Amino acid sequence: MSSKEKPTLGGTRIKTRKRNIAAPLDPASFSDAIVQIYLDNGGDLELVAKSIESSDLNFSRYGDTFFEVVFVGGRTQPGTIKPEEGDRHPYSVLDCAAQRETILPFVLYIQKTLRRRPFLIKNLENVMRKFLQSLEFFEENERKKLAIFTALAFSQKLSGLPPETVFQPLLKDNLVAKGIVLSFITEFFKEYLKENSLDDLIALLKKGKMEDNLLDFFPSAKRSSEALSEHFNKEGLTSLVEYNEKKMFEVKLKEIKSTLTTMINDEAAISEVIETVKQQVKDAKFPDLEVIRMLWDVLMEAVQWSGKNQQQNSNAALRQVKAWAELLNAFCTSGRLELELIYKVQTQCYEDAKLMKLFPEIIRTLYDQDVLAEDTVLLWFRKGSNPKGRQSFVKALEPFAKWLEEAEEEE
């Protein structure tokens with residue numbers, strides 16, 4: 001028998017890790033627990049918030065369910081707003097009156113909850129998107145409550161709620177066609193503008209990619225600027241009408257300027273240019289004064305400027321005036337419009353160093369080309385109301401004005 005020690009196995013014993021087995025989802029029990037908190041506190045949102053804060057409920061797992069309980073008093077069936085089985089409470093957003101005073105506390109309550117649990121913002125987005133896409137299944141009064149809540153949520157800057165969450169789900173064709181979206185967004189606008197400026201609303205629409213698409217909220221049969229103005233004027237939203245008219249004006253102005261610029265660069269016949277501009281101005285219902293301002297802007301923008309060479313720039317500007325004088329003359333059909341042209345030239349010469357010393361020559365050229373009448377030039381010289389550079393421009397134009405006065409006296 002050998003006394004030699006027998007070999008043994010060495011090394012570290014490895015313990016087998018137990019798998020993390022996820023507990024099955026149980027939104028019903030979570031919902032019932034939240035409902036019970038509401039019932040225990042009689043719907044007092046301050047007390048409800050304190051009870052929720054001290055609870056150990058799994059909000060990260062059942063965030064959507066939590067907001068369903070807040071809005072409608074209990075769970076809803078997946079993909080719909082139909083009530084799911086389980087307990088319910090009568091203190092939800094949709095159970096209160098459709099008034100700012102009764103809905104604002106819910107917004108503040110949710111704001112407080114999100115500060116404690118910021119991860120819930122995604123769940124709020126989910127539930128709001130679901131409800132907004134299902135507006136047709138709510139009663140009219142319930143839709144009004146949702147609109148007021150949504151407006152107050154943005155007015156109170158509810159933590160992290162993105163505007164596109166609200167505006168984009170509204171654009172479902174069937175909701176728009178039935179006029180449901182227009183009714184909702186009108187209530188939203190009215191409530192939001194009670195405490196916020198139009199600029200705030202436009203900024204909000206811009207973030208939601210809707211500032212240029214107000215007509216998208218209207219049924220296709222009513223999708224016109226006239227219908228928009230009529231509707232929002234009737235609802236007392238005149239500031240929104242004025243904004244839209246200004247926006248439409250800018251769009252049409254851009255289109256006309258683009259067409260005119262292209263025709264000038266292509267050296268189109270002046271008669272063709274005049275006819276085209278007249279038609280576009282008529283279709284756009286453009287004010288005469290704006291047409292004069294636009295024409296001058298486009299003509300000067302089309303000049304081939306030559307860096308810092310003042311003489312070349314002066315020659316180029318005067319050539320442009322002479323070349324397109326017939327176009328200006330076609331639209332300067334009254335002394336008022338001629339005076340507006342002088343004011344426009346005055347303003348540009350004042351603001352553009354290249355043209356500062358060119359004012360009297362431009363006015364003389366416009367007179368020689370029969371765009372400006374001597375009465376209009378003398379009226380500006382004696383009583384012009386535009387203060388920009390007036391003193392120096394009057395002095396520069398004085399020799400020409402005196403010549404006109406002498407000619408007037410001789411006649």
# chains A, B, ... in the order shown; residues from 1 in each chain; ligands from 1
>>> residues_around(residues="Ser134 (chain A)", least_positions_apart="5", cutoff="12 Å", atoms="only C-alpha atoms", output="ChimeraX atom specification")
/A:79-82,127-129,139,142-143,146,169-172,174-176,180-181
>>> write_last_selection(atoms="C-alpha atoms", output="CSV table (one decimal), in the first residue's frame")
chain,number,residue,atom,x,y,z
A,79,GLY,CA,-56.7,50.2,-28.7
A,80,THR,CA,-60.0,51.8,-27.7
A,81,ILE,CA,-61.5,54.1,-25.1
A,82,LYS,CA,-64.1,51.5,-24.0
A,127,VAL,CA,-52.4,58.1,-23.6
A,128,MET,CA,-53.0,61.5,-25.0
A,129,ARG,CA,-52.1,60.3,-28.5
A,139,GLU,CA,-69.1,63.0,-26.4
A,142,GLU,CA,-65.8,65.4,-23.3
A,143,ARG,CA,-63.8,66.6,-26.3
A,146,LEU,CA,-59.7,67.3,-23.5
A,169,PRO,CA,-52.6,62.6,-34.2
A,170,LEU,CA,-55.4,65.1,-34.9
A,171,LEU,CA,-54.8,64.9,-38.7
A,172,LYS,CA,-56.6,61.6,-39.2
A,174,ASN,CA,-61.9,60.7,-40.8
A,175,LEU,CA,-61.6,63.0,-37.8
A,176,VAL,CA,-60.9,66.0,-40.1
A,180,ILE,CA,-64.3,67.0,-35.1
A,181,VAL,CA,-60.7,68.2,-35.3
>>> residues_around(residues="region 193-199 of chain A", least_positions_apart="4", cutoff="9 Å", atoms="only C-alpha atoms", output="list in words")
Ala151, Ser155, Phe188, Phe189, Ala203, Leu204, Leu237, Ser239, Leu240 and Tyr243 of chain A
>>> write_last_selection(atoms="N, CA and C atoms", output="CSV table (one decimal), in the first residue's frame")
chain,number,residue,atom,x,y,z
A,151,ALA,N,-54.8,72.6,-23.8
A,151,ALA,CA,-54.4,74.0,-23.9
A,151,ALA,C,-53.7,74.4,-22.5
A,155,SER,N,-50.0,75.7,-21.7
A,155,SER,CA,-49.9,77.0,-21.1
A,155,SER,C,-49.1,76.9,-19.8
A,188,PHE,N,-59.2,74.6,-28.3
A,188,PHE,CA,-57.8,74.6,-27.8
A,188,PHE,C,-57.3,76.0,-28.0
A,189,PHE,N,-57.4,76.6,-29.2
A,189,PHE,CA,-57.0,78.0,-29.4
A,189,PHE,C,-57.6,79.0,-28.5
A,203,ALA,N,-45.5,80.0,-32.0
A,203,ALA,CA,-44.3,79.2,-31.6
A,203,ALA,C,-44.6,77.7,-31.3
A,204,LEU,N,-45.8,77.6,-30.6
A,204,LEU,CA,-46.2,76.2,-30.3
A,204,LEU,C,-46.6,75.4,-31.6
A,237,LEU,N,-61.6,84.7,-32.7
A,237,LEU,CA,-60.2,84.5,-32.9
A,237,LEU,C,-59.7,85.4,-34.0
A,239,SER,N,-57.3,87.6,-34.1
A,239,SER,CA,-55.9,87.7,-34.1
A,239,SER,C,-55.3,86.5,-35.0
A,240,LEU,N,-55.9,85.4,-34.9
A,240,LEU,CA,-55.5,84.2,-35.7
A,240,LEU,C,-55.8,84.4,-37.1
A,243,TYR,N,-53.2,86.8,-38.5
A,243,TYR,CA,-52.0,86.1,-38.7
A,243,TYR,C,-52.0,85.3,-40.0
>>> residues_around(residues="region 367-370 of chain A", least_positions_apart="2", cutoff="9 Å", atoms="only C-alpha atoms", output="JSON, numbers by chain")
{"A": [321, 322, 325, 326, 329, 362, 363, 364, 365, 372, 373, 374, 377]}
>>> closest_residue(among="A:Lys144, A:Arg115, A:Lys130, A:Lys178", to="Phe67 (chain A)", atoms="only C-alpha atoms")
A:Lys130
>>> residues_around(residues="region 276-281 of chain A", least_positions_apart="4", cutoff="10 Å", atoms="only C-alpha atoms", output="MDAnalysis selection string")
chainID A and resid 252:253 255:257 259:260 263 270:272 285:288 290:291 295 327 330:331
>>> closest_residue(among="A:Gln99, A:Asn58, A:Thr376, A:Asn386", to="Phe30 (chain A)", atoms="only C-alpha atoms")
A:Asn58
>>> atom_distance(atom1="CA of Leu135 (chain A)", atom2="CA of Asp95 (chain A)")
16.2 Å
>>> atom_distance(atom1="CA of Asp212 (chain A)", atom2="CA of Phe249 (chain A)")
12.2 Å
